[in-house]
>>> print(open('coords-v5.txt').read())   # compact mmCIF, C-alpha atoms
# COMPACT_ATOMS: atom_id res chain seq x y z
CA MET U 1 -4.36 6.77 -4.54
CA ASN U 2 -6.04 3.65 -3.26
CA ILE U 3 -3.49 0.82 -3.27
CA LEU U 4 -4.29 -2.83 -2.57
CA PHE U 5 -1.55 -5.36 -1.73
CA VAL U 6 -2.33 -9.05 -2.23
CA HIS U 7 -0.16 -11.76 -0.71
CA GLN U 8 -1.19 -14.92 1.12
CA ASN U 9 1.58 -14.27 3.67
CA PHE U 10 1.57 -10.46 3.74
CA PRO U 11 3.68 -8.37 4.32
CA ALA U 12 6.48 -10.64 2.98
CA GLN U 13 8.26 -8.79 0.14
CA PHE U 14 6.02 -5.75 0.71
CA VAL U 15 7.15 -5.15 4.29
CA HIS U 16 8.81 -1.83 3.42
CA ILE U 17 6.84 -0.49 0.48
CA ALA U 18 3.32 -0.87 1.94
CA PRO U 19 3.86 1.35 5.01
CA ALA U 20 6.00 3.76 2.98
CA LEU U 21 3.14 4.38 0.57
CA ALA U 22 0.75 4.84 3.49
CA ARG U 23 3.09 7.44 5.00
CA ARG U 24 2.93 9.34 1.71
CA GLY U 25 -0.81 9.74 2.10
CA HIS U 26 -2.07 6.90 -0.06
CA LYS U 27 -4.89 4.74 1.28
CA VAL U 28 -3.29 1.31 1.57
CA MET U 29 -5.05 -1.99 2.25
CA ALA U 30 -3.87 -5.61 2.19
CA LEU U 31 -5.71 -8.79 1.21
CA THR U 32 -4.22 -11.95 2.69
CA ALA U 33 -5.09 -15.52 3.67
CA SER U 34 -6.92 -16.20 6.92
CA THR U 35 -4.09 -18.58 7.90
CA ASN U 36 -1.66 -15.65 7.95
CA LYS U 37 -0.88 -14.87 11.62
CA ARG U 38 1.68 -12.13 11.01
CA LYS U 39 1.26 -8.66 12.41
CA PHE U 40 0.10 -6.10 9.87
CA ASN U 41 1.10 -2.46 9.58
CA VAL U 42 -1.82 -1.51 7.27
CA PRO U 43 -5.58 -2.27 7.33
CA THR U 44 -6.07 -5.86 6.25
CA VAL U 45 -8.86 -8.07 4.91
CA GLN U 46 -8.46 -11.84 5.05
CA TYR U 47 -9.89 -14.45 2.72
CA ALA U 48 -10.61 -18.02 3.73
CA TRP U 49 -9.18 -20.61 1.38
CA ASP U 50 -9.89 -24.19 2.34
CA ALA U 51 -6.69 -25.51 0.75
CA ARG U 52 -8.67 -28.39 -0.67
CA SER U 53 -6.68 -31.32 -2.00
CA PHE U 54 -6.95 -31.81 -5.73
CA ASP U 55 -6.55 -35.55 -6.19
CA SER U 56 -3.82 -36.08 -8.77
CA GLN U 57 -5.58 -39.30 -9.80
CA VAL U 58 -8.48 -37.14 -10.99
CA PHE U 59 -6.77 -33.93 -12.01
CA GLY U 60 -3.40 -35.32 -13.08
CA LEU U 61 -1.08 -32.64 -14.44
CA SER U 62 -3.84 -30.05 -14.19
CA ALA U 63 -3.96 -30.29 -10.38
CA ILE U 64 -1.66 -27.30 -9.78
CA HIS U 65 -3.57 -25.11 -12.20
CA ALA U 66 -6.89 -26.18 -10.68
CA GLN U 67 -5.62 -25.23 -7.21
CA MET U 68 -4.40 -21.85 -8.41
CA MET U 69 -7.65 -21.04 -10.22
CA HIS U 70 -9.64 -22.04 -7.16
CA ARG U 71 -7.61 -19.69 -4.99
CA ALA U 72 -7.91 -16.97 -7.67
CA SER U 73 -11.70 -17.24 -7.53
CA VAL U 74 -11.72 -17.02 -3.71
CA VAL U 75 -9.46 -13.96 -3.79
CA ALA U 76 -11.57 -12.29 -6.49
CA ARG U 77 -14.75 -12.84 -4.45
CA ALA U 78 -13.02 -11.27 -1.47
CA GLY U 79 -12.22 -8.39 -3.80
CA LEU U 80 -15.89 -8.04 -4.69
CA ALA U 81 -16.68 -7.75 -0.98
CA ILE U 82 -14.03 -5.04 -0.61
CA GLU U 83 -15.52 -3.20 -3.59
CA ARG U 84 -19.00 -3.33 -2.03
CA LYS U 85 -17.58 -1.68 1.09
CA GLY U 86 -16.40 1.26 -1.01
CA PHE U 87 -12.70 0.57 -1.61
CA THR U 88 -11.74 0.68 -5.29
CA PRO U 89 -7.98 0.40 -5.85
CA ASP U 90 -6.13 2.49 -8.38
CA VAL U 91 -3.18 0.11 -8.15
CA ILE U 92 -3.08 -3.56 -7.13
CA ILE U 93 0.29 -5.02 -6.18
CA SER U 94 0.32 -8.80 -5.86
CA HIS U 95 2.71 -11.69 -5.63
CA LEU U 96 1.74 -14.16 -8.32
CA GLY U 97 3.12 -17.36 -6.82
CA TRP U 98 -0.21 -18.77 -5.64
CA GLY U 99 -2.59 -17.67 -8.40
CA GLU U 100 -4.11 -14.89 -6.31
CA PRO U 101 -4.13 -12.09 -8.94
CA ILE U 102 -5.42 -14.00 -11.97
CA LEU U 103 -9.05 -12.78 -11.72
CA LEU U 104 -8.57 -9.40 -10.04
CA LYS U 105 -8.88 -7.48 -13.32
CA GLU U 106 -12.39 -8.95 -13.61
CA VAL U 107 -13.23 -7.23 -10.33
CA TRP U 108 -11.39 -3.98 -10.99
CA PRO U 109 -10.78 -3.62 -14.75
CA GLY U 110 -9.70 0.00 -14.32
CA ALA U 111 -7.00 -0.74 -11.74
CA HIS U 112 -3.34 -1.01 -12.67
CA LEU U 113 -2.27 -4.58 -11.81
CA LYS U 114 1.40 -4.78 -10.85
CA LEU U 115 2.77 -8.25 -10.14
CA TYR U 116 5.84 -9.36 -8.21
CA ALA U 117 7.50 -11.99 -10.39
CA GLU U 118 9.77 -14.10 -8.22
CA PHE U 119 10.38 -17.24 -10.29
CA PHE U 120 9.29 -18.81 -13.55
CA TYR U 121 9.55 -22.58 -13.60
CA ARG U 122 11.36 -24.20 -16.51
CA PRO U 123 12.01 -27.92 -17.02
CA LYS U 124 15.64 -27.33 -18.04
CA GLY U 125 18.42 -24.93 -17.20
CA LEU U 126 17.34 -23.75 -13.75
CA ASP U 127 16.80 -25.52 -10.44
CA THR U 128 15.01 -28.73 -11.36
CA ASP U 129 17.77 -30.40 -13.38
CA PHE U 130 20.71 -28.72 -11.63
CA ASP U 131 21.64 -31.36 -9.05
CA PRO U 132 21.90 -34.87 -10.54
CA GLU U 133 21.95 -36.40 -7.05
CA PHE U 134 18.35 -35.35 -6.43
CA GLY U 135 16.87 -33.79 -9.55
CA LYS U 136 15.32 -35.87 -12.30
CA SER U 137 15.12 -34.78 -15.90
CA ASP U 138 13.01 -37.58 -17.31
CA PHE U 139 9.71 -36.98 -19.11
CA GLU U 140 7.58 -37.25 -15.97
CA ALA U 141 9.68 -34.71 -14.09
CA ARG U 142 9.69 -32.28 -17.00
CA ALA U 143 5.95 -32.65 -17.46
CA ARG U 144 5.33 -31.78 -13.80
CA ILE U 145 7.38 -28.60 -14.17
CA VAL U 146 5.60 -27.58 -17.37
CA SER U 147 2.28 -28.10 -15.56
CA ARG U 148 3.28 -25.26 -13.20
CA GLN U 149 3.66 -22.74 -16.01
CA PRO U 150 0.04 -22.01 -17.10
CA TYR U 151 -1.07 -20.07 -14.02
CA LEU U 152 2.13 -18.02 -14.13
CA LEU U 153 1.64 -17.25 -17.82
CA GLN U 154 -1.96 -16.23 -17.14
CA SER U 155 -0.76 -13.88 -14.44
CA TYR U 156 1.90 -12.37 -16.69
CA PHE U 157 -0.71 -11.85 -19.41
CA VAL U 158 -3.22 -9.96 -17.26
CA ALA U 159 -0.55 -7.84 -15.56
CA ASP U 160 -0.17 -4.22 -16.57
CA SER U 161 3.37 -4.17 -15.23
CA MET U 162 5.67 -6.36 -13.19
CA LEU U 163 8.53 -6.21 -10.71
CA ALA U 164 11.47 -8.60 -10.25
CA PRO U 165 14.01 -8.32 -7.42
CA THR U 166 17.12 -9.24 -9.44
CA ARG U 167 18.28 -9.06 -13.05
CA TRP U 168 18.77 -12.80 -13.12
CA GLN U 169 15.21 -13.52 -11.96
CA ALA U 170 13.89 -11.20 -14.66
CA SER U 171 16.14 -12.70 -17.34
CA PHE U 172 14.29 -16.00 -17.73
CA LEU U 173 10.78 -14.59 -17.83
CA PRO U 174 9.02 -15.04 -21.21
CA GLU U 175 9.92 -12.19 -23.54
CA PHE U 176 6.47 -10.54 -23.44
CA ALA U 177 6.56 -10.50 -19.63
CA ARG U 178 10.16 -9.33 -19.43
CA ALA U 179 9.25 -6.33 -21.59
CA LYS U 180 6.97 -4.96 -18.85
CA THR U 181 9.16 -5.85 -15.87
CA ALA U 182 11.19 -3.40 -13.80
CA VAL U 183 14.07 -4.77 -11.71
CA ILE U 184 13.96 -3.29 -8.22
CA HIS U 185 15.20 -5.19 -5.19
CA ASP U 186 13.03 -5.29 -2.06
CA GLY U 187 15.80 -3.43 -0.25
CA ILE U 188 18.33 -4.04 2.53
CA ASP U 189 18.32 -1.73 5.55
CA THR U 190 22.07 -1.10 5.46
CA ALA U 191 21.86 1.43 8.29
CA ALA U 192 20.48 -1.19 10.67
CA ILE U 193 22.44 -4.12 9.22
CA ALA U 194 25.97 -2.77 9.51
CA PRO U 195 29.34 -4.08 10.71
CA GLY U 196 29.89 -4.28 14.44
CA THR U 197 32.86 -3.28 16.54
CA SER U 198 35.71 -5.34 17.92
CA ALA U 199 33.57 -5.75 21.05
CA SER U 200 30.54 -7.16 19.20
CA SER U 201 29.11 -10.44 20.48
CA VAL U 202 26.07 -12.64 20.04
CA THR U 203 24.35 -15.12 22.32
CA LEU U 204 22.33 -17.70 20.42
CA PRO U 205 19.09 -19.18 21.77
CA GLY U 206 19.62 -22.62 23.26
CA LEU U 207 23.42 -22.36 23.49
CA ASN U 208 25.28 -21.88 26.74
CA ARG U 209 27.90 -19.71 25.12
CA SER U 210 28.42 -16.49 23.23
CA PHE U 211 30.53 -15.70 20.19
CA ARG U 212 32.57 -12.54 19.87
CA ALA U 213 34.20 -10.73 16.99
CA GLY U 214 37.56 -12.39 16.43
CA ASP U 215 36.38 -15.91 17.27
CA GLU U 216 37.06 -18.50 14.61
CA LEU U 217 33.42 -18.86 13.65
CA LEU U 218 31.98 -20.35 10.45
CA THR U 219 28.28 -19.82 9.74
CA PHE U 220 25.68 -21.32 7.43
CA VAL U 221 22.17 -19.85 7.29
CA ASN U 222 18.99 -20.81 5.45
CA ARG U 223 15.29 -20.95 6.17
CA ASN U 224 15.37 -24.75 5.84
CA LEU U 225 18.32 -27.13 5.74
CA GLU U 226 17.94 -28.76 2.32
CA PRO U 227 19.78 -29.58 -0.91
CA TYR U 228 18.32 -26.52 -2.73
CA ARG U 229 20.49 -24.38 -0.47
CA GLY U 230 23.54 -26.64 -0.56
CA TYR U 231 23.26 -28.06 2.95
CA HIS U 232 24.52 -31.44 1.73
CA ILE U 233 27.62 -29.88 0.14
CA PHE U 234 28.39 -27.80 3.22
CA MET U 235 28.10 -30.79 5.56
CA ARG U 236 30.38 -32.88 3.35
CA ALA U 237 33.01 -30.14 3.47
CA LEU U 238 32.92 -29.85 7.27
CA PRO U 239 34.99 -32.86 8.39
CA ARG U 240 38.23 -31.61 6.81
CA ILE U 241 37.52 -28.01 7.87
CA LEU U 242 37.16 -28.99 11.53
CA ARG U 243 40.14 -31.33 11.33
CA GLU U 244 42.47 -28.67 9.93
CA ARG U 245 41.06 -25.80 11.99
CA PRO U 246 40.90 -27.25 15.53
CA ASP U 247 39.69 -23.99 17.08
CA ALA U 248 36.87 -23.39 14.60
CA GLN U 249 33.24 -23.40 15.71
CA VAL U 250 30.31 -23.84 13.31
CA VAL U 251 26.83 -22.35 13.72
CA ILE U 252 24.11 -23.67 11.40
CA VAL U 253 20.87 -21.69 11.32
CA GLY U 254 17.79 -23.22 9.69
CA GLU U 255 14.70 -25.23 10.35
CA ASP U 256 14.34 -28.96 9.90
CA ALA U 257 11.55 -28.77 7.32
CA LYS U 258 10.99 -29.83 3.72
CA GLY U 259 11.89 -26.53 2.07
CA TYR U 260 11.66 -25.66 -1.61
CA GLY U 261 12.65 -28.95 -3.17
CA ALA U 262 11.48 -32.55 -2.87
CA GLY U 263 11.14 -34.05 0.56
CA PRO U 264 13.75 -36.36 2.12
CA PRO U 265 13.46 -40.16 2.15
CA ALA U 266 10.66 -41.46 4.35
CA GLY U 267 11.53 -41.65 8.03
CA THR U 268 14.23 -38.98 8.05
CA THR U 269 14.88 -35.31 7.44
CA TRP U 270 17.42 -33.61 5.20
CA LYS U 271 19.15 -32.26 8.29
CA GLN U 272 19.52 -35.69 9.83
CA LYS U 273 20.33 -37.50 6.59
CA PHE U 274 23.41 -35.41 5.83
CA LEU U 275 24.45 -35.12 9.46
CA ASP U 276 24.38 -38.91 9.70
CA GLU U 277 26.56 -39.10 6.59
CA VAL U 278 29.46 -37.26 8.25
CA LYS U 279 28.87 -37.27 12.01
CA ASP U 280 31.44 -40.01 12.69
CA ARG U 281 34.07 -37.62 11.28
CA LEU U 282 32.91 -34.52 13.16
CA ASP U 283 33.55 -33.15 16.62
CA LEU U 284 29.87 -32.49 17.27
CA SER U 285 30.68 -30.32 20.30
CA ARG U 286 31.86 -27.70 17.78
CA VAL U 287 28.84 -27.91 15.43
CA HIS U 288 25.83 -25.98 16.70
CA PHE U 289 22.38 -26.38 15.11
CA VAL U 290 20.27 -23.49 16.41
CA GLY U 291 17.13 -23.76 14.28
CA HIS U 292 15.31 -20.50 13.57
CA VAL U 293 16.65 -17.39 15.30
CA PRO U 294 15.16 -13.87 15.52
CA HIS U 295 16.22 -11.50 12.78
CA GLY U 296 18.13 -9.25 15.17
CA VAL U 297 20.12 -12.21 16.49
CA LEU U 298 20.89 -13.28 12.93
CA ASN U 299 22.25 -9.81 12.15
CA ASP U 300 24.46 -9.95 15.26
CA LEU U 301 25.71 -13.36 14.14
CA MET U 302 26.74 -11.91 10.76
CA ARG U 303 28.63 -9.13 12.55
CA VAL U 304 30.84 -11.59 14.43
CA THR U 305 31.24 -14.47 11.99
CA ARG U 306 34.69 -14.92 10.50
CA VAL U 307 33.36 -16.64 7.37
CA HIS U 308 29.81 -17.11 6.11
CA ALA U 309 29.04 -19.88 3.58
CA TYR U 310 26.09 -19.48 1.22
CA LEU U 311 25.06 -21.99 -1.44
CA THR U 312 22.02 -22.14 -3.67
CA TYR U 313 20.73 -23.89 -6.76
CA PRO U 314 19.83 -21.53 -9.65
CA PHE U 315 16.81 -20.36 -7.70
CA VAL U 316 15.51 -17.37 -5.73
CA LEU U 317 18.32 -15.59 -3.89
CA SER U 318 18.04 -15.47 -0.10
CA TRP U 319 17.88 -12.10 1.63
CA SER U 320 20.29 -13.58 4.19
CA MET U 321 23.24 -13.49 1.78
CA LEU U 322 22.75 -9.81 0.97
CA GLU U 323 22.24 -8.99 4.65
CA ALA U 324 25.45 -10.83 5.50
CA MET U 325 27.31 -8.69 2.96
CA SER U 326 25.69 -5.55 4.40
CA ALA U 327 26.91 -6.57 7.86
CA GLY U 328 30.45 -6.77 6.53
CA ALA U 329 30.71 -10.56 6.63
CA LEU U 330 33.16 -12.42 4.40
CA VAL U 331 30.78 -14.43 2.21
CA VAL U 332 31.93 -17.52 0.36
CA GLY U 333 29.19 -18.20 -2.17
CA SER U 334 28.36 -20.83 -4.73
CA ARG U 335 29.24 -19.98 -8.32
CA THR U 336 25.59 -20.01 -9.39
CA PRO U 337 23.76 -17.17 -11.21
CA PRO U 338 21.78 -15.78 -8.25
CA VAL U 339 25.03 -15.36 -6.32
CA THR U 340 27.32 -14.16 -9.11
CA GLU U 341 25.01 -11.21 -9.79
CA TYR U 342 26.28 -9.77 -6.50
CA ILE U 343 29.62 -11.43 -5.66
CA GLU U 344 32.76 -11.18 -7.77
CA ASP U 345 35.40 -13.68 -6.71
CA GLY U 346 38.33 -11.97 -5.04
CA SER U 347 36.69 -8.53 -5.14
CA ASN U 348 33.84 -8.55 -2.60
CA GLY U 349 33.74 -12.21 -1.59
CA ARG U 350 34.83 -15.64 -2.69
CA LEU U 351 33.13 -18.08 -5.08
CA VAL U 352 33.33 -21.88 -5.26
CA ASP U 353 31.67 -24.22 -7.73
CA PHE U 354 28.53 -25.55 -6.06
CA PHE U 355 29.44 -29.26 -6.23
CA ASP U 356 33.19 -28.92 -5.44
CA VAL U 357 33.29 -30.29 -1.89
CA GLU U 358 37.09 -30.18 -1.72
CA GLY U 359 37.04 -26.66 -3.11
CA TRP U 360 34.65 -25.62 -0.33
CA SER U 361 36.93 -27.17 2.28
CA ASP U 362 40.01 -25.48 0.77
CA THR U 363 38.42 -22.03 0.54
CA LEU U 364 36.71 -22.03 3.92
CA ILE U 365 39.89 -23.27 5.63
CA ASP U 366 41.91 -20.52 3.97
CA CYS U 367 39.40 -17.83 4.94
CA LEU U 368 39.26 -19.04 8.53
CA ALA U 369 43.05 -19.14 8.76
CA ARG U 370 43.74 -15.65 7.35
CA PRO U 371 40.98 -13.27 8.47
CA ASP U 372 43.10 -10.13 8.09
CA ALA U 373 43.76 -10.95 4.42
CA PHE U 374 40.09 -10.45 3.55
CA THR U 375 39.29 -7.14 5.22
CA GLY U 376 39.13 -5.45 1.82
CA LEU U 377 36.61 -8.00 0.57
CA ARG U 378 34.40 -7.42 3.60
CA ASN U 379 34.44 -3.67 3.06
CA LYS U 380 33.72 -4.04 -0.65
CA ALA U 381 30.84 -6.43 0.08
CA ARG U 382 29.13 -3.76 2.16
CA GLU U 383 29.84 -1.12 -0.49
CA THR U 384 28.21 -3.39 -3.07
CA ILE U 385 24.98 -3.72 -1.10
CA ILE U 386 24.81 -0.01 -0.34
CA ALA U 387 25.23 0.77 -4.04
CA CYS U 388 22.66 -1.67 -5.41
CA CYS U 389 20.23 -2.60 -2.63
CA ASP U 390 20.16 0.14 -0.01
CA LEU U 391 16.59 0.45 1.21
CA THR U 392 16.50 4.15 2.03
CA THR U 393 18.52 5.74 -0.76
CA ARG U 394 17.76 3.43 -3.67
CA CYS U 395 15.22 0.63 -3.51
CA LEU U 396 12.39 2.28 -1.61
CA PRO U 397 12.49 5.55 -3.63
CA ASP U 398 12.62 3.54 -6.87
CA MET U 399 9.71 1.37 -5.77
CA ILE U 400 7.61 4.34 -4.67
CA ALA U 401 8.24 6.11 -7.98
CA ASN U 402 7.36 2.95 -9.89
CA VAL U 403 4.05 2.47 -8.05
CA GLU U 404 3.01 6.11 -8.19
CA ALA U 405 3.77 6.26 -11.91
CA ALA U 406 1.60 3.19 -12.43
CA GLY U 407 -1.33 4.87 -10.73
CA SER U 408 -1.09 7.95 -12.94
CA ARG U 409 -0.47 6.16 -16.25
CA PRO U 410 -3.46 5.39 -18.54
CA LEU U 411 -3.93 1.70 -19.27
CA ASP U 412 -3.78 0.36 -22.79
CA LYS U 413 -7.03 -0.96 -24.18
CA GLY U 414 -8.10 -3.97 -22.14
CA GLY U 415 -5.49 -3.33 -19.48
CA THR U 416 -3.41 -6.22 -20.69
CA PHE U 417 -0.11 -4.57 -21.54
CA ALA U 418 1.48 -1.45 -20.10
>>> encode(input="coords-v5.txt", output="structure tokens")
Amino acid sequence: MNILFVHQNFPAQFVHIAPALARRGHKVMALTASTNKRKFNVPTVQYAWDARSFDSQVFGLSAIHAQMMHRASVVARAGLAIERKGFTPDVIISHLGWGEPILLKEVWPGAHLKLYAEFFYRPKGLDTDFDPEFGKSDFEARARIVSRQPYLLQSYFVADSMLAPTRWQASFLPEFARAKTAVIHDGIDTAAIAPGTSASSVTLPGLNRSFRAGDELLTFVNRNLEPYRGYHIFMRALPRILRERPDAQVVIVGEDAKGYGAGPPAGTTWKQKFLDEVKDRLDLSRVHFVGHVPHGVLNDLMRVTRVHAYLTYPFVLSWSMLEAMSAGALVVGSRTPPVTEYIEDGSNGRLVDFFDVEGWSDTLIDCLARPDAFTGLRNKARETIIACCDLTTRCLPDMIANVEAAGSRPLDKGGTFA
């Protein structure tokens, strides 16, 4: 088959499936934004999107939809150019988060359009009204969230089928979209991300020290240090943890950028704001901010950490939590739906209510103090990931079968519903 992947930051979630399909003899191509500087493992065409600013004073609540439709038109015209060069896809696989796939069926009406559905915005019950310290649930806030729904609904409507990485992420899709959605995780390479030995160690960029298995090490990892991922809760729990565990060291991985949620107050960053809140009660020589680290270094860190803390709003689950479990780390997670789909308290990890700062201190102190008591949880965590998310034995075969079935299945009239 001819298979076209569409993602403004390709390969992203398609990092495994795209080359796997190529290895099976399919002709695979990717369409991505010209700003994407990643290395590609399949032939790629780039489209130039000028990222024009849609003045909210003019467009108001329609600004997001206008942006998405503009990008959709640019992507579709790039598709027309691909078609003129002789490539007609049997299957198109696209992330729908930026409006890219909305018009692709107008270019290739006979192609099966399969969309990766990562998150559907709702004004209540998910991320936006979860944290009363930062989230607003007044009319204006709810209206802004509702204004993000139309382009997603358009994408769901034109899709022939859809994919979601977790049951929870599929659960709050509109009913008509959920009916054509398969739940298949992107996959964790459990063979590569596996527990280390008693001699395992990691040297982190920028630090003049290494950490070894057995060290009293507490870790916190996220792409960006922000409230959406519980950075504020973790920092507020740290003073008592470091006071009661005088040998503990803390490594915090993450960039000092805006992240998924609203930006910090003017003149500061989320990282600095919450560090300033507690720094007078911290021994800062034991708290190590290392920014972004290479993926291999991150995996080594998860092999040696004594306890790994992971918090998130009801939002997209981070790969890092599942990779930590695969590496055999003891994960203490927030009792929020993305996490509880994978962690059962006392079975394969520990859970703490997201906002319970004292509970986080209590649990992390206990886990740091009694590492041998949680060996069974570490082992079960890895078993969990192998059973549900193993790349080689489960996720990749399921994904390949799903895509190849799509290419051989006749479309319903109009190609709207599979």
>>> residues_around(input="coords-v5.txt", residues="Asn348 in chain U", least_positions_apart="4", cutoff="12 Å", atoms="all atoms listed in the file", output="PyMOL selection string")
chain U and resi 322+324-326+328-333+339-344+374-385
>>> write_last_selection(input="coords-v5.txt", atoms="C-alpha atoms", output="CSV table (one decimal), in the frame of the given file")
chain,number,residue,atom,x,y,z
U,322,LEU,CA,22.8,-9.8,1.0
U,324,ALA,CA,25.4,-10.8,5.5
U,325,MET,CA,27.3,-8.7,3.0
U,326,SER,CA,25.7,-5.6,4.4
U,328,GLY,CA,30.4,-6.8,6.5
U,329,ALA,CA,30.7,-10.6,6.6
U,330,LEU,CA,33.2,-12.4,4.4
U,331,VAL,CA,30.8,-14.4,2.2
U,332,VAL,CA,31.9,-17.5,0.4
U,333,GLY,CA,29.2,-18.2,-2.2
U,339,VAL,CA,25.0,-15.4,-6.3
U,340,THR,CA,27.3,-14.2,-9.1
U,341,GLU,CA,25.0,-11.2,-9.8
U,342,TYR,CA,26.3,-9.8,-6.5
U,343,ILE,CA,29.6,-11.4,-5.7
U,344,GLU,CA,32.8,-11.2,-7.8
U,374,PHE,CA,40.1,-10.4,3.6
U,375,THR,CA,39.3,-7.1,5.2
U,376,GLY,CA,39.1,-5.4,1.8
U,377,LEU,CA,36.6,-8.0,0.6
U,378,ARG,CA,34.4,-7.4,3.6
U,379,ASN,CA,34.4,-3.7,3.1
U,380,LYS,CA,33.7,-4.0,-0.6
U,381,ALA,CA,30.8,-6.4,0.1
U,382,ARG,CA,29.1,-3.8,2.2
U,383,GLU,CA,29.8,-1.1,-0.5
U,384,THR,CA,28.2,-3.4,-3.1
U,385,ILE,CA,25.0,-3.7,-1.1
>>> residues_around(input="coords-v5.txt", residues="range 392-404 of chain U", least_positions_apart="6", cutoff="12 Å", atoms="all atoms listed in the file", output="number ranges by chain")
U: 1-5, 13-26, 90-93, 112-116, 160-166, 180-192, 385-386
>>> closest_residue(input="coords-v5.txt", among="U:Asp247, U:Asp131, U:Glu255, U:Glu83", to="Val287 in chain U", atoms="all atoms listed in the file")
U:Asp247
>>> closest_residue(input="coords-v5.txt", among="U:Arg240, U:Arg370, U:Arg306, U:Arg52", to="Glu358 in chain U", atoms="all atoms listed in the file")
U:Arg240
>>> closest_residue(input="coords-v5.txt", among="U:Leu218, U:Ala237, U:Ile102, U:Ala78", to="Pro150 in chain U", atoms="all atoms listed in the file")
U:Ile102
>>> atom_distance(input="coords-v5.txt", atom1="CA of Lys136 in chain U", atom2="CA of Pro239 in chain U")
28.7 Å
>>> atom_distance(input="coords-v5.txt", atom1="CA of Asn36 in chain U", atom2="CA of Gly206 in chain U")
27.1 Å
>>> closest_residue(input="coords-v5.txt", among="U:Met68, U:Leu298, U:Ile193, U:Met235", to="Leu103 in chain U", atoms="all atoms listed in the file")
U:Met68
>>> residues_near_point(input="coords-v5.txt", point="(30.3, -34.8, 8.6)", cutoff="8 Å", atoms="only C-alpha atoms", output="ChimeraX atom specification")
/U:235-239,274-282
>>> closest_residue(input="coords-v5.txt", among="U:Val45, U:Val6, U:Ala194, U:Leu126", to="Pro337 in chain U", atoms="only C-alpha atoms")
U:Leu126
